[in-house]
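**Student:** Here it is: the structure, laid out below.
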Amino acid sequence: MIREKDIVRERIISAAMKIFSKHGFFKAPVHLIAREAGVSKGLVFWYFRNKQELIIEVAKRSLPLDIIDSCIEKSLVGRNMLECIGRGYMNKYRDPVHRGLLLHTMALETQSWEIAEDIRRLCEEKTVVIAERVFGKPSTKAKIALRAFFGGLMCYVLRPPKDIDEQTFLENLIDIVLVSN
């Protein structure tokens with residue numbers, strides 16, 4: 001059963017995502033988040049001790065760890081694993097709010113050990129797990145191929161080419177990654 005408290009907290013987070021995406025983490029005033037959520041500024045601080053705590057919550061949600069964890073939980077291997085991750089990226093970051101937040105979060109890495117740790121887990125630990133699932137072993141070449149895959153996805157979601165549709169891009173990116181190993 002979802003409690004009212006959880007609903008209000010999620011409403012605040014959703015509002016913060018919109019406002020942070022538009023104004024950035026540090027320039028966005030809390031009163032705009034409260035207004036967007038339909039709550040008082042004091043209630044925002046009842047749920048989050050300070051603005052930094054809210055920033056960290058939103059920043060963590062902007063990273064693709066949820067996509068990767070979901071694909072790993074499905075026990076996918078090979079091409080299916082890469083397709084799951086690729087489709088997840090495309091779906092999540094097609095949304096301009098998520099795309100904007102991802103950029104703000106990447107910039108936040110140098111100022112937050114929590115975000116730096118999540119990005120490290122994404123680029124190192126998760127890459128090893130995915131390499132095992134896709135290539136059978138986490139060799140140096142496999143990890144580099146996966147980083148190139150993530151870079152290709154990132155480049156596509158930030159600046160989609162006008163002449164290559166999403167499906168064609170993803171299929172070709174996966175082919176390149178699989179052939180390279």
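Chain labels follow the order of the structure tokens: the first chain is A, the next B, and so on; residue numbering restarts at 1 in every chain, and ligands are counted from 1 in their shown order.
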Residues near Glu83 in chain A, anyone? I mean within 8 Å using only C-alpha atoms, not counting same-chain ones fewer than 3 positions away, as an MDAnalysis selection string.
**Tutor:** chainID A and resid 79:80 86:87 170:171 174
**Student:** Go ahead and write the selection's residues with all heavy atoms as a short mmCIF file (atom, residue, chain, number, x, y, z; two decimals), in the first residue's frame.
**Tutor:**
```cif
data_model
loop_
_atom_site.label_atom_id
_atom_site.label_comp_id
_atom_site.auth_asym_id
_atom_site.auth_seq_id
_atom_site.Cartn_x
_atom_site.Cartn_y
_atom_site.Cartn_z
N ARG A 79 23.85 -10.08 -27.36
CA ARG A 79 23.17 -8.99 -28.06
C ARG A 79 21.94 -8.53 -27.30
O ARG A 79 21.64 -7.33 -27.24
CB ARG A 79 22.80 -9.44 -29.47
CG ARG A 79 22.13 -8.37 -30.27
CD ARG A 79 21.81 -8.85 -31.70
NE ARG A 79 21.67 -7.70 -32.54
CZ ARG A 79 22.64 -7.10 -33.21
NH1 ARG A 79 23.86 -7.57 -33.15
NH2 ARG A 79 22.41 -6.04 -33.94
N ASN A 80 21.21 -9.46 -26.68
CA ASN A 80 20.00 -9.10 -25.93
C ASN A 80 20.30 -8.13 -24.79
O ASN A 80 19.50 -7.24 -24.51
CB ASN A 80 19.29 -10.35 -25.40
CG ASN A 80 18.71 -11.19 -26.51
OD1 ASN A 80 18.34 -10.69 -27.56
ND2 ASN A 80 18.62 -12.49 -26.27
N GLY A 86 20.51 -0.41 -24.56
CA GLY A 86 20.34 0.61 -25.58
C GLY A 86 18.93 1.16 -25.63
O GLY A 86 18.72 2.38 -25.66
N ARG A 87 17.94 0.28 -25.62
CA ARG A 87 16.54 0.74 -25.63
C ARG A 87 16.22 1.51 -24.36
O ARG A 87 15.51 2.53 -24.41
CB ARG A 87 15.59 -0.45 -25.79
CG ARG A 87 15.45 -0.90 -27.24
CD ARG A 87 14.28 -1.85 -27.42
NE ARG A 87 14.32 -3.01 -26.55
CZ ARG A 87 15.00 -4.14 -26.79
NH1 ARG A 87 15.69 -4.23 -27.90
NH2 ARG A 87 14.99 -5.13 -25.95
N LEU A 170 21.04 2.10 -33.09
CA LEU A 170 21.26 1.10 -32.05
C LEU A 170 21.73 -0.23 -32.63
O LEU A 170 22.69 -0.83 -32.13
CB LEU A 170 20.00 0.91 -31.21
CG LEU A 170 20.12 0.03 -29.98
CD1 LEU A 170 21.22 0.51 -29.05
CD2 LEU A 170 18.79 -0.01 -29.24
N GLU A 171 21.09 -0.69 -33.69
CA GLU A 171 21.49 -1.96 -34.31
C GLU A 171 22.94 -1.90 -34.79
O GLU A 171 23.71 -2.84 -34.58
CB GLU A 171 20.57 -2.29 -35.48
CG GLU A 171 19.19 -2.74 -35.06
CD GLU A 171 18.23 -2.91 -36.23
OE1 GLU A 171 18.66 -2.80 -37.41
OE2 GLU A 171 17.04 -3.14 -35.96
N ILE A 174 25.47 -1.76 -31.83
CA ILE A 174 25.63 -3.09 -31.24
C ILE A 174 26.49 -3.96 -32.14
O ILE A 174 27.39 -4.67 -31.66
CB ILE A 174 24.26 -3.73 -30.96
CG1 ILE A 174 23.56 -2.98 -29.82
CG2 ILE A 174 24.41 -5.22 -30.63
CD1 ILE A 174 22.10 -3.36 -29.61
#
```
**Student:** Tell me which protein, DNA and RNA residues are within 6 Å of range 9-18 of chain A, counting only C-alpha atoms, leaving out same-chain ones fewer than 3 positions away, and put them as an MDAnalysis selection string.
**Tutor:** chainID A and resid 6 21 33 36:37 97
**Student:** Take the residues from that selection and write them out as a PDB file, in the first residue's frame, keeping all heavy atoms.
**Tutor:**
```pdb
ATOM      1  N   ASP A   6       4.690   8.847   0.989  1.00  0.00           N
ATOM      2  CA  ASP A   6       5.488   8.456  -0.169  1.00  0.00           C
ATOM      3  C   ASP A   6       5.042   9.199  -1.428  1.00  0.00           C
ATOM      4  O   ASP A   6       5.867   9.569  -2.265  1.00  0.00           O
ATOM      5  CB  ASP A   6       5.395   6.946  -0.403  1.00  0.00           C
ATOM      6  CG  ASP A   6       5.990   6.146   0.747  1.00  0.00           C
ATOM      7  OD1 ASP A   6       6.913   6.640   1.407  1.00  0.00           O
ATOM      8  OD2 ASP A   6       5.505   5.022   0.988  1.00  0.00           O
ATOM      9  N   SER A  21      16.341  20.451 -13.941  1.00  0.00           N
ATOM     10  CA  SER A  21      16.678  20.276 -15.351  1.00  0.00           C
ATOM     11  C   SER A  21      16.716  21.620 -16.074  1.00  0.00           C
ATOM     12  O   SER A  21      17.577  21.867 -16.904  1.00  0.00           O
ATOM     13  CB  SER A  21      15.658  19.349 -16.013  1.00  0.00           C
ATOM     14  OG  SER A  21      15.906  19.243 -17.396  1.00  0.00           O
ATOM     15  N   ILE A  33      10.514  24.700  -6.683  1.00  0.00           N
ATOM     16  CA  ILE A  33      10.250  23.262  -6.549  1.00  0.00           C
ATOM     17  C   ILE A  33       8.970  23.053  -5.744  1.00  0.00           C
ATOM     18  O   ILE A  33       8.103  22.261  -6.134  1.00  0.00           O
ATOM     19  CB  ILE A  33      11.452  22.548  -5.885  1.00  0.00           C
ATOM     20  CG1 ILE A  33      12.675  22.626  -6.801  1.00  0.00           C
ATOM     21  CG2 ILE A  33      11.107  21.100  -5.537  1.00  0.00           C
ATOM     22  CD1 ILE A  33      13.990  22.258  -6.148  1.00  0.00           C
ATOM     23  N   GLU A  36       5.952  23.983  -7.869  1.00  0.00           N
ATOM     24  CA  GLU A  36       5.709  22.943  -8.879  1.00  0.00           C
ATOM     25  C   GLU A  36       5.078  21.699  -8.260  1.00  0.00           C
ATOM     26  O   GLU A  36       4.224  21.053  -8.865  1.00  0.00           O
ATOM     27  CB  GLU A  36       7.027  22.586  -9.584  1.00  0.00           C
ATOM     28  CG  GLU A  36       6.916  21.499 -10.630  1.00  0.00           C
ATOM     29  CD  GLU A  36       6.239  21.947 -11.918  1.00  0.00           C
ATOM     30  OE1 GLU A  36       6.270  23.143 -12.257  1.00  0.00           O
ATOM     31  OE2 GLU A  36       5.668  21.079 -12.596  1.00  0.00           O
ATOM     32  N   ALA A  37       5.506  21.361  -7.038  1.00  0.00           N
ATOM     33  CA  ALA A  37       4.985  20.174  -6.342  1.00  0.00           C
ATOM     34  C   ALA A  37       3.641  20.441  -5.669  1.00  0.00           C
ATOM     35  O   ALA A  37       2.973  19.497  -5.238  1.00  0.00           O
ATOM     36  CB  ALA A  37       5.999  19.699  -5.304  1.00  0.00           C
ATOM     37  N   VAL A  97      13.815  16.311 -19.758  1.00  0.00           N
ATOM     38  CA  VAL A  97      14.099  16.487 -18.324  1.00  0.00           C
ATOM     39  C   VAL A  97      15.216  15.535 -17.906  1.00  0.00           C
ATOM     40  O   VAL A  97      16.206  15.944 -17.290  1.00  0.00           O
ATOM     41  CB  VAL A  97      12.832  16.277 -17.461  1.00  0.00           C
ATOM     42  CG1 VAL A  97      13.179  16.201 -15.979  1.00  0.00           C
ATOM     43  CG2 VAL A  97      11.821  17.385 -17.718  1.00  0.00           C
TER      44      VAL A  97
END
```
**Student:** Looking at A:Lys162, A:His104, A:Lys60, A:His98, which one is nearest to Leu122 in chain A, with distances taken over only C-alpha atoms?
**Tutor:**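 Looking at the shortest contact to Leu122 in chain A, the residue is A:Lys60.
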**Student:** My list of candidates is A:Ile119, A:Ile7, A:Leu178, A:Val58. Which is closest to Val134 in chain A when distances are computed with only C-alpha atoms?
**Tutor:**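 The shortest atom-to-atom distance to Val134 in chain A comes from A:Leu178.
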**Student:** Find the residues near range 140-146 of chain A: any atom within 6 Å, counting only C-alpha atoms, skip ones fewer than 3 places away on the same chain, and give them as a ChimeraX atom specification.
**Tutor:** /A:131,149,177
**Student:** For Leu65 in chain A, list every protein, DNA or RNA residue within 12 Å, evaluated using only C-alpha atoms, and leave out those in the same chain fewer than 4 positions away; present the list as a ChimeraX atom specification.
**Tutor:** /A:59-61,69-73,85,88-89,92,102,115,117-127
**Student:** Just the helix (DSSP H, G or I) stuff from chain A, please, per backbone DSSP, written as a PyMOL selection string.
**Tutor:** chain A and resi 4-23+30-37+41-47+51-62+65-73+78-93+96-111+113-135+140-158+166-180
**Student:** Keeping C-alpha atoms, export the residues of the selection given above as a compact mmCIF listing (two decimals), in the first residue's frame.
**Tutor:**
```txt
# COMPACT_ATOMS: atom_id res chain seq x y z
CA GLU A 4 0.40 9.53 1.40
CA LYS A 5 3.88 10.37 2.70
CA ASP A 6 5.49 8.46 -0.17
CA ILE A 7 3.21 10.13 -2.72
CA VAL A 8 4.13 13.62 -1.50
CA ARG A 9 7.84 12.76 -1.45
CA GLU A 10 7.68 11.50 -5.04
CA ARG A 11 5.75 14.61 -6.08
CA ILE A 12 8.53 16.77 -4.63
CA ILE A 13 11.19 14.72 -6.41
CA SER A 14 9.30 14.92 -9.70
CA ALA A 15 8.97 18.70 -9.34
CA ALA A 16 12.65 19.00 -8.42
CA MET A 17 13.59 17.02 -11.53
CA LYS A 18 11.73 19.51 -13.75
CA ILE A 19 13.10 22.58 -12.00
CA PHE A 20 16.70 21.30 -11.70
CA SER A 21 16.68 20.28 -15.35
CA LYS A 22 15.69 23.78 -16.36
CA HIS A 23 17.76 25.87 -13.91
CA VAL A 30 13.54 25.64 -3.55
CA HIS A 31 10.43 27.83 -3.64
CA LEU A 32 10.01 26.96 -7.36
CA ILE A 33 10.25 23.26 -6.55
CA ALA A 34 7.66 23.68 -3.80
CA ARG A 35 5.33 25.58 -6.14
CA GLU A 36 5.71 22.94 -8.88
CA ALA A 37 4.98 20.17 -6.34
CA LYS A 41 8.77 25.26 1.02
CA GLY A 42 8.77 24.06 4.64
CA LEU A 43 7.31 20.71 3.58
CA VAL A 44 10.12 20.25 1.07
CA PHE A 45 12.56 20.61 3.96
CA TRP A 46 10.51 18.22 6.08
CA TYR A 47 11.11 15.50 3.49
CA LYS A 51 18.68 21.23 -0.75
CA GLN A 52 21.83 19.13 -1.14
CA GLU A 53 19.96 16.00 -0.02
CA LEU A 54 17.29 16.67 -2.66
CA ILE A 55 19.95 17.32 -5.29
CA ILE A 56 21.65 13.98 -4.55
CA GLU A 57 18.34 12.10 -4.76
CA VAL A 58 17.49 13.65 -8.12
CA ALA A 59 21.03 13.27 -9.48
CA LYS A 60 21.13 9.57 -8.60
CA ARG A 61 17.85 9.02 -10.42
CA SER A 62 19.20 10.74 -13.51
CA LEU A 65 22.03 2.66 -13.21
CA ASP A 66 18.33 1.76 -13.09
CA ILE A 67 18.44 0.74 -16.76
CA ILE A 68 21.55 -1.38 -16.34
CA ASP A 69 20.33 -3.03 -13.13
CA SER A 70 17.02 -3.87 -14.80
CA CYS A 71 18.78 -5.50 -17.76
CA ILE A 72 21.13 -7.42 -15.44
CA GLU A 73 18.19 -8.68 -13.35
CA GLY A 78 25.02 -11.19 -25.61
CA ARG A 79 23.17 -8.99 -28.06
CA ASN A 80 20.00 -9.10 -25.93
CA MET A 81 21.83 -7.41 -23.06
CA LEU A 82 23.10 -4.61 -25.29
CA GLU A 83 19.65 -4.16 -26.88
CA CYS A 84 18.04 -3.91 -23.43
CA ILE A 85 20.54 -1.28 -22.29
CA GLY A 86 20.34 0.61 -25.58
CA ARG A 87 16.54 0.74 -25.63
CA GLY A 88 16.53 1.76 -21.98
CA TYR A 89 18.91 4.65 -22.68
CA MET A 90 16.91 5.80 -25.67
CA ASN A 91 13.63 5.68 -23.76
CA LYS A 92 14.88 7.41 -20.63
CA TYR A 93 16.93 10.15 -22.25
CA PRO A 96 14.39 16.39 -22.14
CA VAL A 97 14.10 16.49 -18.32
CA HIS A 98 16.14 13.29 -17.90
CA ARG A 99 18.58 14.36 -20.60
CA GLY A 100 19.15 17.75 -18.95
CA LEU A 101 19.51 16.19 -15.53
CA LEU A 102 22.10 13.73 -16.82
CA LEU A 103 24.26 16.62 -18.02
CA HIS A 104 23.88 18.46 -14.71
CA THR A 105 24.70 15.26 -12.82
CA MET A 106 27.87 14.63 -14.80
CA ALA A 107 29.04 18.13 -13.83
CA LEU A 108 28.13 17.42 -10.20
CA GLU A 109 30.56 14.49 -9.98
CA THR A 110 33.47 16.67 -8.84
CA GLN A 111 31.38 18.16 -6.02
CA TRP A 113 31.40 11.89 -3.49
CA GLU A 114 28.04 10.06 -3.68
CA ILE A 115 27.55 10.92 -7.33
CA ALA A 116 31.22 10.23 -8.09
CA GLU A 117 30.78 6.78 -6.51
CA ASP A 118 27.65 6.02 -8.57
CA ILE A 119 29.42 7.06 -11.77
CA ARG A 120 32.43 4.91 -10.80
CA ARG A 121 30.10 1.92 -10.24
CA LEU A 122 28.54 2.56 -13.63
CA CYS A 123 31.84 2.87 -15.49
CA GLU A 124 33.72 0.13 -13.65
CA GLU A 125 31.69 -2.44 -11.70
CA LYS A 126 28.66 -2.57 -14.00
CA THR A 127 30.91 -2.65 -17.06
CA VAL A 128 32.60 -5.81 -15.73
CA VAL A 129 29.24 -7.52 -15.13
CA ILE A 130 27.97 -6.55 -18.57
CA ALA A 131 31.25 -7.66 -20.20
CA GLU A 132 30.80 -11.10 -18.63
CA ARG A 133 27.21 -11.29 -19.90
CA VAL A 134 27.96 -10.02 -23.40
CA PHE A 135 31.44 -11.40 -24.12
CA THR A 140 40.33 -5.19 -21.31
CA LYS A 141 39.08 -5.19 -24.91
CA ALA A 142 35.53 -6.08 -23.78
CA LYS A 143 35.48 -3.28 -21.19
CA ILE A 144 36.75 -0.76 -23.74
CA ALA A 145 34.12 -1.92 -26.25
CA LEU A 146 31.41 -1.39 -23.65
CA ARG A 147 32.69 2.07 -22.77
CA ALA A 148 32.56 2.89 -26.48
CA PHE A 149 28.98 1.54 -26.52
CA PHE A 150 27.99 3.79 -23.59
CA GLY A 151 29.74 6.74 -25.25
CA GLY A 152 27.87 6.09 -28.49
CA LEU A 153 24.56 5.95 -26.64
CA MET A 154 25.38 9.15 -24.78
CA CYS A 155 26.32 10.96 -27.97
CA TYR A 156 23.11 9.81 -29.65
CA VAL A 157 20.78 10.88 -26.83
CA LEU A 158 22.50 14.25 -26.46
CA GLU A 166 17.11 5.41 -33.31
CA GLN A 167 16.66 1.74 -34.28
CA THR A 168 19.21 1.88 -37.10
CA PHE A 169 21.71 3.63 -34.86
CA LEU A 170 21.26 1.10 -32.05
CA GLU A 171 21.49 -1.96 -34.31
CA ASN A 172 24.66 -0.67 -35.96
CA LEU A 173 26.24 0.39 -32.67
CA ILE A 174 25.63 -3.09 -31.24
CA ASP A 175 27.06 -4.72 -34.39
CA ILE A 176 30.21 -2.59 -34.11
CA VAL A 177 30.65 -3.45 -30.43
CA LEU A 178 30.12 -7.19 -31.00
CA VAL A 179 32.40 -7.34 -34.05
CA SER A 180 35.15 -5.41 -32.25
```
**Student:** I'd like the interatomic distance between CA of Arg159 in chain A and CA of Arg94 in chain A, to a tenth of an Å.
**Tutor:**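 Separation between CA of Arg159 in chain A and CA of Arg94 in chain A: 10.5 Å.
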